[in-house]
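Asker: I'd like to ask some things about the structure below.
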Amino acid sequence: MKLFRRGKSLSLKDRSAVAAVVAVLLLATTRCVGQANPGSPTTEPKTHGSSPQALAAELKQEAVQVAVSIAEAYPTDPLAFALLGSAYYNTGRSDEAAVNLRKCLALNPGLADAYEVLAQVAYDRGEIDESVRLFQETLKRSPASITAMSRLGRALMDLGRTEESVETLRKATKLPQATSESFYLLGQAYLQGRDYARAKESFMQATQISAEHTQAYFGLYTACSRLGQSEESARYREQFLKFEARDRKDLTDRNAEADTLTGLPFVRQTVAQTLFGAGQIYKSHEQPTMASKFFRRAALLDEESIIYRSALEAIYLQRKSFAEGVTVFEQLVAEQPNNYFNHIFLGRLHNRLDHFEAAERCFQKVQELAPKWAEGYRAQAELYLRTNRRLPESRVMAQRAADLEPKASHYHLLAVACVKNQDRSAAVEALKQAVSLNPGELKYQQFLQQLQKTP
Amino acid sequence: MVLTWWMASLWVCIGAENPIQFKDVLRETGIRFVHNDGSSGRRYIVETVSAGLATFDYDQDGLIDILFLNGTLLPGATNTTPAPRNALYRNEGNWKFKDVTTQAGLTTPGYQLGVCVGDYDNDGHPDIYLNNFGPNVLYRNNGDGTFRDVTQQAGVQVGNHVGAGTCFLDIDKDGDLDLFVANYVGFTFESHKTSIMNGFPAYVGPLNYPPTANLLFRNNGNGTFTDISQEAGIAGLLGSGMGVIAADLDNDGDLDIVVGNDLRPNFVLLNDGTGKFKEVGATLGLAYDSFGNVQGTMGVECADWNNDGWLDIFLTPYQRQLATLYQNQKGAYFDEVARQTGAATGTLPQVKWGTGLIDFDNDGHRDIFIACGHLIDLVDQFDNTTSYNARNILLRNTGAGKFVNVSDRSGDGLLPKFSSRGAAFDDLDNDGDIDVVIQNARSEPTVLRNDSPKGNQWLQLQLKGTKSNRSAIGARVTVTTAGTTQIDEVHSGRSYQSDFGKRLHFGLGSHRKVDKVQVRWPAGGTEVFLNLEANRIITILEGSSSSTPSPSPKEK
């Protein structure tokens with residue numbers, strides 16, 4: 001998604017991604033309740049009567065103030081300076097961002113993510129040689145960082161260092177986490193080096209991973225054209241023009257949205273990232289109350305993020321303060337009644353307290369608000385199975401979850417529900433699905449073998 | 001004192017490493033023009049794209065004059081005294097300029113954006129077309145130092161579009177100049193929108209307004225024009241036009257048109273020789289950057305950067321988009337080579353506008369000048385990777401397929417920070433090297449005198465058509481010197497909504513003689529001139545088979 005002026009040059013995705021690097025740097029392991037997101041929760045943001053401009057300014061000030069206070073409170077914690085750097089970066093103050101990221105690295109030179117953000121800052125400032133050096137430093141510390149490798153490859157391309165770019169991007173495509181973008185960038189590097197056959201091959205791989213990778217079709221069109229493959233070239237050109245027109249229409253539509261014009265969603269998201277990072281630092285310094293405060297604030301600001309709510313839940317799970325957690329999530333529900341993420345976590349905490357009816361109501365609310373989200377059905381099925389109540393419904397719920405999101409864990413849940421409902425053959429079928437979807441998971445195989453052995 | 005002397009010496013030493021040197025001489029020129037975009041804080045999109053300028057010899061005295069475009073007060077703006085207006089500065093020689101706007105009659109009010117110059121009535125005097133937000137204006141040059149607004153008679157008023165680049169060109173080789181008029185977006189005050197970026201008020205972009213069609217007018221040969229956009233095949237092409245240039249991209253002898261579009265694919269309008277055009281931007285590889293992304297194209301320039309006999313295209317886009325150099329592959333397609341050649345060096349963080357592919361050091365290789373400056377006046381407060389006022393960029397062509405950023409080593413002329421828009425390049429003091437004039441938004445202009453060492457030789461050619469249009473727009477010149485060949489064309493309307501360079505300039509390196517000059521005239525026919533002395537401004541009249549060295553005003 002494009003961001004700045006005219007949606008033109010500055011990519012929100014890029015900027016958010018960079019900010020997310022620091023957020024990830026600060027992230028402790030949090031258990032997410034679900035990956036698939038059926039759409040945005042629908043709670044309207046509270047603007048406290050301020051103009052969008054004033055609200056955005058207040059939020060940014062809040063983020064920087066929080067980060068400054070953490071850096072003051074924990075002056076030997078490199079993550080505190082990473083957070084401050086990230087807060088400045090997200091408010092467009094790249095100079096201060098760089099200063100604080102360097103402080104972070106002085107305290108812990110091994111923090112690859114801080115190097116990566118620093119490299120991106122240099123790139124944004126047009127200091128591409130320096131960004132190359134910093135991306136290389138990143139990779140010394142984190143040799144398998146796909147983002148750093150891709151960005152290094154891109155920066156090398158920008159400098160016309162084509163061979164080095166090809167070498168770097170080839171390595172990126174060999175990584176297990178290689179994406180269509182990795183192959184697309186490699187194709188671009190080959191194109192720059194006029195190696196059109198290899199470029200075509202890489203672009204093909206990109207489209208095999210992502211059939212709607214608009215720019216990969218442009219690459220294919222260009223490569224085939226240079227190879228004299230006019231029919232193929234024409235076909236890819238048509239495909240590219242079709243996707244490009246669609247992308248531009250999407251961008252145009254987004255630009256016309258009131259939210260985009262106010263810029264508030266972006267500010268809320270980036271401030272939420274900073275506050276989330278603040279919470280992580282407090283948590284690492286064993287300040288769970290402060291951590292909870294900032295996770296909750298982040299969740300309020302970024303309604304689309306499940307991570308912040310998951311981190312909030314984790315605090316109460318770890319401390320086994322389920323009732324306290326219920327109170328916190330009830331407050332969130334009161335503030336954002338249509339946000340189904342809040343209901344799911346509230347339901348999960350009620351479940352821990354054996355509040356069967358309350359948990360059931362929460363999960364039903366989730367299904368009402370997000371009928372195409374598997375998580376509501378999965379949670380309800382688990383509730384019934386754990387409490388051995390309403391078992392026939394548990395199977396229906398598990399089946400719905402598997403239908404909506406056919407993944408191994410859902411088929412495993414369905415198998416359990418089938419067993420509980422005395423339908424062994426259906427359980428076996430469900431487990432076979434689970435195994436086929438995730439052959440590496442021993443648990444499914446063992447369960448399947450066990451069922452097949454049992455008369 | 002010692003320290004000052006020492007520092008000055010150091011500066012000279014550093015500067016000496018680079019053969020291109022510019023000195024900011026605005027203060028000594030007498031130019032008092034200040035650009036006014038008519039803004040009031042309401043942030044109308046038209047403010048961001050204002051404005052271009054033109055350098056041309058309006059009074060035919062051999063000295064190139066300057067026309068600065070200007071805005072008018074937009075709704076909400078406070079009255080100023082005097083009200084903003086364009087300014088024509090007559091070059092009086094020795095770097096003195098005189099404001100002759102009123103006596104020249106260039107007084108029709110309007111929110112001016114783009115300009116082109118050409119002798120549309122073939123009377124020997126260059127006329128001016130202004131592409132405005134609001135009604136456009138055609139000024140006929142009366143030949144006595146004055147102009148007359150002939151817009152209504154000529155039928156080129158157009159209406160209330162947001163104008164952009166514009167150019168005169170002879171689309172059908174009938175010997176008179178037709179007119180291409182680019183338009184930006186379908187903005188009206190009623191459809192005005194603003195945005196907030198990171199908490200700061202900002203301008204919306206072109207995607208917030210409907211795209212618009214460009215216009216093509218055929219010269220009827222009697223002082224009037226007819227809108228032939230439909231029959232020429234361009235009426236259905238909707239874009240957000242900015243800079244334009246007309247040039248022969250496929251060496252077939254007619255003029256094609258490149259339209260830079262802001263956040264929409266660029267257009268290349270290929271002329272079939274009869275004035276009918278086909279849009280082939282994607283086919284030729286100019287519609288998108290090399291990554292397949294649309295760019296926020298602002299300026300469009302054209303020249304043969306690698307002296308291979310084919311005109312290449314250079315585009316200046318928005319922030320976080322590298323400038324693009326499209327190398328012409330013998331008319332079949334264009335390869336984007338900015339990264340490989342260094343032509344994009346230093347261009348990423350700034351918004352880029354006016355530009356010229358100009359041989360500033362007369363070494364026979366065209367360098368690149370890029371005028372920079374963001375369009376969001378508060379951008380520094382929420383994104384300090386860029387800036388509203390920015391330094392311009394100068395990239396020197398090494399002659400070995402590479403450009404080197406010499407902005408820090410080119411004298412004090414590259415130090416000032418403004419929010420530049422249009423840029424024009426001409427030899428203002430007839431000393432054989434090309435000087436620079438830059439239109440700066442909400443500010444005074446920049447005038448840069450080329451103070452590069454004089455070691456290299458040069459040739460300047462002023463073409464005059466007889467059968468062809470009098471301005472010789474579209475004439476292709478090939479200059480051969482000791483086995484090296486350079487080409488150039490006479491353009492009208494180029495860079496960012498500006499016009500310059502009617503007198504063609506060639507750097508010759510150490511060669512004191514030009515072996516051959518070949519002129520391909522736009523109406524057809526070629527003439528060849530042999531063994532011309534270097535360091536001359538030469539006038540060539542079509543059909544005369546002779547060339548006349550023009551004594552410079554200094555020599556007079």
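By convention here, the chains of the structure tokens are called A, B, ... in the order presented, each chain's residues are numbered starting at 1, and ligands are numbered starting at 1 in the order presented.
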Can you build me a table of chain B residues sitting at most 9 Å from chain A, with the closest atom pair per residue and its distance in Å to one decimal, using only C-alpha atoms, sorted by chain and residue number, as CSV?
Answerer:
```
residue,atom,partner,partner_atom,distance
B:Lys193,CA,A:Leu261,CA,8.4
B:Thr194,CA,A:Leu261,CA,6.9
B:Ser195,CA,A:Leu261,CA,4.3
B:Ile196,CA,A:Thr262,CA,4.6
B:Met197,CA,A:Gly263,CA,5.3
B:Asn198,CA,A:Val267,CA,6.1
B:Gly199,CA,A:Gln53,CA,4.6
B:Phe200,CA,A:Gln53,CA,6.2
B:Pro201,CA,A:Gln53,CA,7.2
B:Ala202,CA,A:Arg5,CA,7.2
B:Tyr203,CA,A:Arg5,CA,6.5
B:Val204,CA,A:Arg6,CA,5.3
B:Gly205,CA,A:Arg6,CA,3.2
B:Pro206,CA,A:Arg6,CA,6.2
B:Leu207,CA,A:Thr252,CA,5.4
B:Asn208,CA,A:Ala256,CA,5.9
B:Tyr209,CA,A:Ala256,CA,9.0
B:Asp262,CA,A:Lys8,CA,8.9
B:Leu263,CA,A:Lys8,CA,6.7
B:Arg264,CA,A:Arg248,CA,8.2
B:Ala282,CA,A:Arg237,CA,8.4
B:Thr283,CA,A:Arg237,CA,8.7
B:Gly285,CA,A:Thr222,CA,8.1
B:Ser290,CA,A:Gln188,CA,8.2
B:Phe291,CA,A:Gln215,CA,6.5
B:Gly292,CA,A:Gln215,CA,5.3
B:Asn293,CA,A:Gln215,CA,7.3
B:Val294,CA,A:Glu244,CA,8.9
B:Gln295,CA,A:Lys8,CA,7.7
B:Gly296,CA,A:Lys8,CA,6.6
B:Tyr318,CA,A:Ser9,CA,6.3
B:Gln319,CA,A:Ser9,CA,5.6
B:Arg320,CA,A:Ser9,CA,5.2
B:Gln321,CA,A:Ser9,CA,6.2
B:Leu322,CA,A:Asp158,CA,8.4
B:Glu336,CA,A:Gln192,CA,8.7
B:Val337,CA,A:Gln192,CA,8.0
B:Ala338,CA,A:Gly160,CA,8.3
B:Arg339,CA,A:Gly160,CA,4.8
B:Gln340,CA,A:Gly160,CA,4.1
B:Thr341,CA,A:Gly160,CA,7.0
B:Gly342,CA,A:Leu159,CA,7.1
B:Ala344,CA,A:Asp158,CA,8.2
B:Thr345,CA,A:Leu159,CA,7.8
B:Gly346,CA,A:Gly126,CA,6.1
B:Thr347,CA,A:Gly126,CA,7.2
B:Leu348,CA,A:Gly126,CA,5.2
B:Pro349,CA,A:Gly126,CA,5.3
B:Gln350,CA,A:Gly126,CA,8.6
B:Ile376,CA,A:Arg5,CA,7.8
B:Asp380,CA,A:Gly92,CA,8.4
B:Gln381,CA,A:Gly92,CA,7.6
B:Phe382,CA,A:Gly92,CA,4.7
B:Asp383,CA,A:Gly92,CA,4.0
B:Asn384,CA,A:Arg93,CA,5.6
B:Thr385,CA,A:Arg125,CA,4.6
B:Thr386,CA,A:Arg125,CA,7.0
```
Asker: Skipping near chain neighbours, those fewer than 2 positions away, what residues fall within 12 Å of Ala206 (chain A) using only C-alpha atoms, listed as an MDAnalysis selection string?
Answerer: chainID A and resid 173 178:188 199:204 208:220
Asker: What are the DSSP alpha helix (DSSP H) residues of region 176-415 of chain A, as a PyMOL selection string?
Answerer: chain A and resi 180-192+196-209+214-226+230-256+258-262+264-284+288-301+307-318+322-335+340-352+356-369+374-387+391-404+408-415
Asker: Could you tell me how far CA of His365 (chain B) sits from CA of Gly509 (chain B), in Å to one decimal place?
Answerer: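 Separating CA of Gly509 (chain B) from CA of His365 (chain B) is a distance of 8.9 Å.
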Asker: Using only C-alpha atoms, which residues sit within 12 Å of Gly373 (chain B) once same-chain residues fewer than 2 positions away are excluded, as a PyMOL selection string?
Answerer: chain B and resi 48-49+298+316-319+347-354+370-371+375-380+386-393+416-422+438-442
Asker: Just the residues within 9 Å of Gly30 (chain B), please, counting only C-alpha atoms, with nothing from its chain fewer than 3 positions along; format it as a PyMOL selection string.
Answerer: chain B and resi 26-27+95-99
Asker: Convert the current residue selection to file output with N, CA, C and O atoms, as a compact mmCIF listing (two decimals), in the first residue's frame.
Answerer:
```
# COMPACT_ATOMS: atom_id res chain seq x y z
N LEU B 26 22.49 35.45 -9.92
CA LEU B 26 21.18 36.14 -9.92
C LEU B 26 21.32 37.60 -9.50
O LEU B 26 20.76 38.49 -10.13
N ARG B 27 22.08 37.82 -8.43
CA ARG B 27 22.15 39.17 -7.85
C ARG B 27 22.66 40.20 -8.85
O ARG B 27 22.28 41.36 -8.79
N TRP B 95 25.32 39.94 -18.68
CA TRP B 95 24.57 39.41 -17.55
C TRP B 95 23.65 40.43 -16.90
O TRP B 95 23.34 40.35 -15.72
N LYS B 96 23.21 41.38 -17.69
CA LYS B 96 22.20 42.32 -17.21
C LYS B 96 20.88 42.03 -17.93
O LYS B 96 20.86 41.86 -19.16
N PHE B 97 19.83 41.98 -17.16
CA PHE B 97 18.51 41.69 -17.73
C PHE B 97 17.54 42.79 -17.31
O PHE B 97 17.63 43.33 -16.20
N LYS B 98 16.60 43.09 -18.19
CA LYS B 98 15.65 44.17 -17.91
C LYS B 98 14.23 43.62 -18.03
O LYS B 98 13.90 42.94 -19.02
N ASP B 99 13.41 43.93 -17.05
CA ASP B 99 12.01 43.48 -17.06
C ASP B 99 11.25 44.28 -18.12
O ASP B 99 11.05 45.49 -17.97
```
Asker: Within 9 Å of Gly145 (chain B), counting only C-alpha atoms, which residues show up once you throw out same-chain ones fewer than 3 positions away? Write them as a list in words, please.
Answerer: Tyr58, Asp59, Val100, Gln103, Ala104, Gly105, Asn141 and Asn142 of chain B
Asker: Restricting it to N, CA and C atoms, dump the selection as a compact mmCIF listing (two decimals), in the first residue's frame.
Answerer:
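Final file, out07.txt:
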```
# COMPACT_ATOMS: atom_id res chain seq x y z
N TYR B 58 13.51 36.58 -27.93
CA TYR B 58 12.21 37.09 -28.41
C TYR B 58 12.37 38.25 -29.38
N ASP B 59 13.47 39.02 -29.23
CA ASP B 59 13.63 40.21 -30.08
C ASP B 59 14.70 40.01 -31.15
N VAL B 100 10.82 43.63 -19.19
CA VAL B 100 10.12 44.32 -20.28
C VAL B 100 8.70 43.76 -20.44
N GLN B 103 5.92 46.44 -21.39
CA GLN B 103 6.09 47.02 -22.72
C GLN B 103 5.97 45.95 -23.81
N ALA B 104 6.25 44.71 -23.44
CA ALA B 104 6.10 43.64 -24.43
C ALA B 104 4.65 43.20 -24.55
N GLY B 105 3.83 43.61 -23.62
CA GLY B 105 2.40 43.27 -23.70
C GLY B 105 2.05 41.89 -23.20
N ASN B 141 4.02 37.28 -31.61
CA ASN B 141 5.13 38.24 -31.56
C ASN B 141 4.98 39.21 -32.72
N ASN B 142 4.85 40.48 -32.40
CA ASN B 142 4.64 41.49 -33.46
C ASN B 142 5.93 41.85 -34.20
```
Asker: List every residue of region 94-316 of chain B that DSSP, applied to the backbone of this structure, places in strand (DSSP E), and write the result as a ChimeraX atom specification.
Answerer: /B:96-99,111-118,127-133,137-141,147-149,163-169,178-183,194-197,200-203,212-213,215-219,225-227,238-239,241-247,256-261,267-271,277-279,299-303,312-316
Asker: Identify which of the residues B:Leu357, B:Arg43, B:Val162, B:Ala472 lies closest to Gly76 (chain B), counting only C-alpha atoms when measuring atom-to-atom distances.
Answerer: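 Smallest distance to Gly76 (chain B) is found for B:Arg43.
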Asker: Tell me, as a JSON list (two decimals) with N, CA and C atoms, in the first residue's frame, which residues lie within 6 Å of Asn261 (chain B), counting only C-alpha atoms; anything in the same chain fewer than 6 positions away does not count.
Answerer:
```
[["chain", "number", "residue", "atom", "x", "y", "z"],
["B", 240, "SER", "N", -2.33, 11.89, -16.69],
["B", 240, "SER", "CA", -2.12, 13.07, -15.84],
["B", 240, "SER", "C", -0.79, 13.67, -16.30],
["B", 241, "GLY", "N", -0.90, 14.39, -17.43],
["B", 241, "GLY", "CA", 0.29, 14.87, -18.13],
["B", 241, "GLY", "C", 1.07, 15.89, -17.33],
["B", 242, "MET", "N", 2.37, 15.81, -17.48],
["B", 242, "MET", "CA", 3.27, 16.80, -16.87],
["B", 242, "MET", "C", 4.20, 17.31, -17.98],
["B", 297, "THR", "N", 6.01, 10.85, -12.96],
["B", 297, "THR", "CA", 6.90, 11.56, -13.89],
["B", 297, "THR", "C", 6.61, 13.05, -13.89]]
```
Asker: Rounded to one decimal, what separation in Å do you get between CA of Leu385 (chain A) and CA of Tyr340 (chain A)?
Answerer: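 If I compute the distance from CA of Leu385 (chain A) to CA of Tyr340 (chain A), I get 22.0 Å.
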Asker: Counting only C-alpha atoms, which residue out of B:Pro211, B:Gly432, B:Gly331, B:Gly474 sits closest to Asn535 (chain B)?
Answerer: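 Comparing B:Pro211, B:Gly432, B:Gly331, B:Gly474 against Asn535 (chain B), the winner is B:Gly432.
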Asker: Identify, on the basis of only C-alpha atoms, every residue whose closest approach to Gln460 (chain B) does not exceed 9 Å; exclude the query and any residue fewer than 2 positions from it along the same chain; express the result as an mmCIF file with all heavy atoms, in the first residue's frame.
Answerer:
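In the end it all went to part.cif:
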```cif
data_model
loop_
_atom_site.group_PDB
_atom_site.id
_atom_site.type_symbol
_atom_site.label_atom_id
_atom_site.label_comp_id
_atom_site.auth_asym_id
_atom_site.auth_seq_id
_atom_site.Cartn_x
_atom_site.Cartn_y
_atom_site.Cartn_z
ATOM 1 N N GLY B 432 29.799 30.331 -25.523
ATOM 2 C CA GLY B 432 30.029 28.977 -26.023
ATOM 3 C C GLY B 432 29.692 27.871 -25.065
ATOM 4 O O GLY B 432 29.737 26.699 -25.446
ATOM 5 N N TRP B 458 33.500 24.343 -29.301
ATOM 6 C CA TRP B 458 32.052 24.212 -29.380
ATOM 7 C C TRP B 458 31.529 24.743 -30.699
ATOM 8 O O TRP B 458 32.248 25.440 -31.425
ATOM 9 C CB TRP B 458 31.376 24.967 -28.234
ATOM 10 C CG TRP B 458 31.826 26.403 -28.124
ATOM 11 C CD1 TRP B 458 32.918 26.863 -27.447
ATOM 12 C CD2 TRP B 458 31.236 27.546 -28.754
ATOM 13 N NE1 TRP B 458 33.054 28.213 -27.593
ATOM 14 C CE2 TRP B 458 32.014 28.677 -28.384
ATOM 15 C CE3 TRP B 458 30.132 27.758 -29.570
ATOM 16 C CZ2 TRP B 458 31.738 29.971 -28.831
ATOM 17 C CZ3 TRP B 458 29.827 29.041 -30.007
ATOM 18 C CH2 TRP B 458 30.634 30.142 -29.633
ATOM 19 N N GLN B 462 21.989 28.008 -35.286
ATOM 20 C CA GLN B 462 20.645 28.583 -35.277
ATOM 21 C C GLN B 462 20.021 28.276 -36.634
ATOM 22 O O GLN B 462 20.496 28.744 -37.665
ATOM 23 C CB GLN B 462 20.734 30.102 -35.075
ATOM 24 C CG GLN B 462 19.398 30.803 -35.005
ATOM 25 C CD GLN B 462 18.676 30.526 -33.688
ATOM 26 O OE1 GLN B 462 19.231 30.792 -32.626
ATOM 27 N NE2 GLN B 462 17.485 29.966 -33.769
ATOM 28 N N ARG B 503 18.598 27.234 -30.108
ATOM 29 C CA ARG B 503 19.907 27.282 -30.772
ATOM 30 C C ARG B 503 20.669 26.028 -30.339
ATOM 31 O O ARG B 503 20.985 25.874 -29.159
ATOM 32 C CB ARG B 503 20.646 28.546 -30.334
ATOM 33 C CG ARG B 503 21.905 28.843 -31.131
ATOM 34 C CD ARG B 503 22.817 29.745 -30.343
ATOM 35 N NE ARG B 503 22.359 31.119 -30.271
ATOM 36 C CZ ARG B 503 22.843 31.994 -29.384
ATOM 37 N NH1 ARG B 503 23.763 31.622 -28.508
ATOM 38 N NH2 ARG B 503 22.405 33.235 -29.358
ATOM 39 N N LEU B 504 20.929 25.161 -31.292
ATOM 40 C CA LEU B 504 21.552 23.874 -30.932
ATOM 41 C C LEU B 504 23.008 24.083 -30.556
ATOM 42 O O LEU B 504 23.711 24.890 -31.164
ATOM 43 C CB LEU B 504 21.442 22.889 -32.089
ATOM 44 C CG LEU B 504 20.018 22.567 -32.550
ATOM 45 C CD1 LEU B 504 20.046 21.526 -33.674
ATOM 46 C CD2 LEU B 504 19.156 22.076 -31.404
ATOM 47 N N HIS B 505 23.430 23.313 -29.583
ATOM 48 C CA HIS B 505 24.793 23.467 -29.054
ATOM 49 C C HIS B 505 25.517 22.126 -29.087
ATOM 50 O O HIS B 505 24.956 21.097 -28.692
ATOM 51 C CB HIS B 505 24.716 23.984 -27.608
ATOM 52 C CG HIS B 505 25.976 23.801 -26.835
ATOM 53 N ND1 HIS B 505 26.201 22.700 -26.026
ATOM 54 C CD2 HIS B 505 27.089 24.571 -26.746
ATOM 55 C CE1 HIS B 505 27.412 22.817 -25.471
ATOM 56 N NE2 HIS B 505 27.957 23.942 -25.894
ATOM 57 N N PHE B 506 26.740 22.149 -29.565
ATOM 58 C CA PHE B 506 27.540 20.924 -29.594
ATOM 59 C C PHE B 506 28.909 21.197 -28.969
ATOM 60 O O PHE B 506 29.612 22.128 -29.381
ATOM 61 C CB PHE B 506 27.741 20.441 -31.036
ATOM 62 C CG PHE B 506 26.449 20.068 -31.719
ATOM 63 C CD1 PHE B 506 25.715 21.025 -32.412
ATOM 64 C CD2 PHE B 506 25.969 18.771 -31.649
ATOM 65 C CE1 PHE B 506 24.519 20.684 -33.025
ATOM 66 C CE2 PHE B 506 24.771 18.429 -32.263
ATOM 67 C CZ PHE B 506 24.039 19.385 -32.951
ATOM 68 N N GLY B 507 29.286 20.397 -28.012
ATOM 69 C CA GLY B 507 30.645 20.454 -27.487
ATOM 70 C C GLY B 507 31.543 19.634 -28.412
ATOM 71 O O GLY B 507 31.142 18.563 -28.884
ATOM 72 N N ALA B 534 35.207 25.845 -35.511
ATOM 73 C CA ALA B 534 34.598 25.723 -34.186
ATOM 74 C C ALA B 534 34.444 27.089 -33.528
ATOM 75 O O ALA B 534 34.896 28.104 -34.063
ATOM 76 C CB ALA B 534 35.462 24.817 -33.315
ATOM 77 N N ASN B 535 33.788 27.072 -32.403
ATOM 78 C CA ASN B 535 33.614 28.260 -31.564
ATOM 79 C C ASN B 535 32.878 29.384 -32.294
ATOM 80 O O ASN B 535 33.270 30.557 -32.231
ATOM 81 C CB ASN B 535 34.974 28.760 -31.045
ATOM 82 C CG ASN B 535 35.704 27.652 -30.291
ATOM 83 O OD1 ASN B 535 35.061 26.792 -29.692
ATOM 84 N ND2 ASN B 535 37.016 27.658 -30.345
ATOM 85 N N ARG B 536 31.852 29.005 -33.009
ATOM 86 C CA ARG B 536 31.041 29.973 -33.740
ATOM 87 C C ARG B 536 29.560 29.701 -33.467
ATOM 88 O O ARG B 536 29.150 28.564 -33.274
ATOM 89 C CB ARG B 536 31.250 29.834 -35.261
ATOM 90 C CG ARG B 536 32.646 30.143 -35.750
ATOM 91 C CD ARG B 536 32.854 31.660 -35.844
ATOM 92 N NE ARG B 536 34.120 31.991 -36.453
ATOM 93 C CZ ARG B 536 35.288 32.014 -35.817
ATOM 94 N NH1 ARG B 536 35.354 31.691 -34.541
ATOM 95 N NH2 ARG B 536 36.394 32.362 -36.456
ATOM 96 N N ILE B 537 28.801 30.777 -33.494
ATOM 97 C CA ILE B 537 27.347 30.636 -33.547
ATOM 98 C C ILE B 537 26.975 30.826 -35.013
ATOM 99 O O ILE B 537 27.207 31.907 -35.577
ATOM 100 C CB ILE B 537 26.650 31.693 -32.679
ATOM 101 C CG1 ILE B 537 27.071 31.530 -31.216
ATOM 102 C CG2 ILE B 537 25.125 31.574 -32.809
ATOM 103 C CD1 ILE B 537 26.611 32.657 -30.310
ATOM 104 N N ILE B 538 26.464 29.792 -35.621
ATOM 105 C CA ILE B 538 26.235 29.822 -37.066
ATOM 106 C C ILE B 538 24.743 29.747 -37.357
ATOM 107 O O ILE B 538 24.032 28.925 -36.785
ATOM 108 C CB ILE B 538 26.984 28.645 -37.738
ATOM 109 C CG1 ILE B 538 28.484 28.877 -37.584
ATOM 110 C CG2 ILE B 538 26.591 28.504 -39.196
ATOM 111 C CD1 ILE B 538 29.329 27.749 -38.116
ATOM 112 N N THR B 539 24.298 30.603 -38.238
ATOM 113 C CA THR B 539 22.901 30.562 -38.666
ATOM 114 C C THR B 539 22.814 29.822 -40.000
ATOM 115 O O THR B 539 23.571 30.116 -40.927
ATOM 116 C CB THR B 539 22.342 31.981 -38.830
ATOM 117 O OG1 THR B 539 22.422 32.641 -37.558
ATOM 118 C CG2 THR B 539 20.896 31.952 -39.285
#
```
Asker: Can you work out the spacing between CA of Cys302 (chain B) and CA of Asp248 (chain B) in Å, to one decimal?
Answerer: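 Here the two named atoms are 9.8 Å from each other.
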Asker: With distances taken over only C-alpha atoms, which residue among A:His412, A:Arg386, A:Lys242, A:Arg198 lies nearest Leu227 (chain A)?
Answerer: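 Result for the nearest residue to Leu227 (chain A): A:Arg198.
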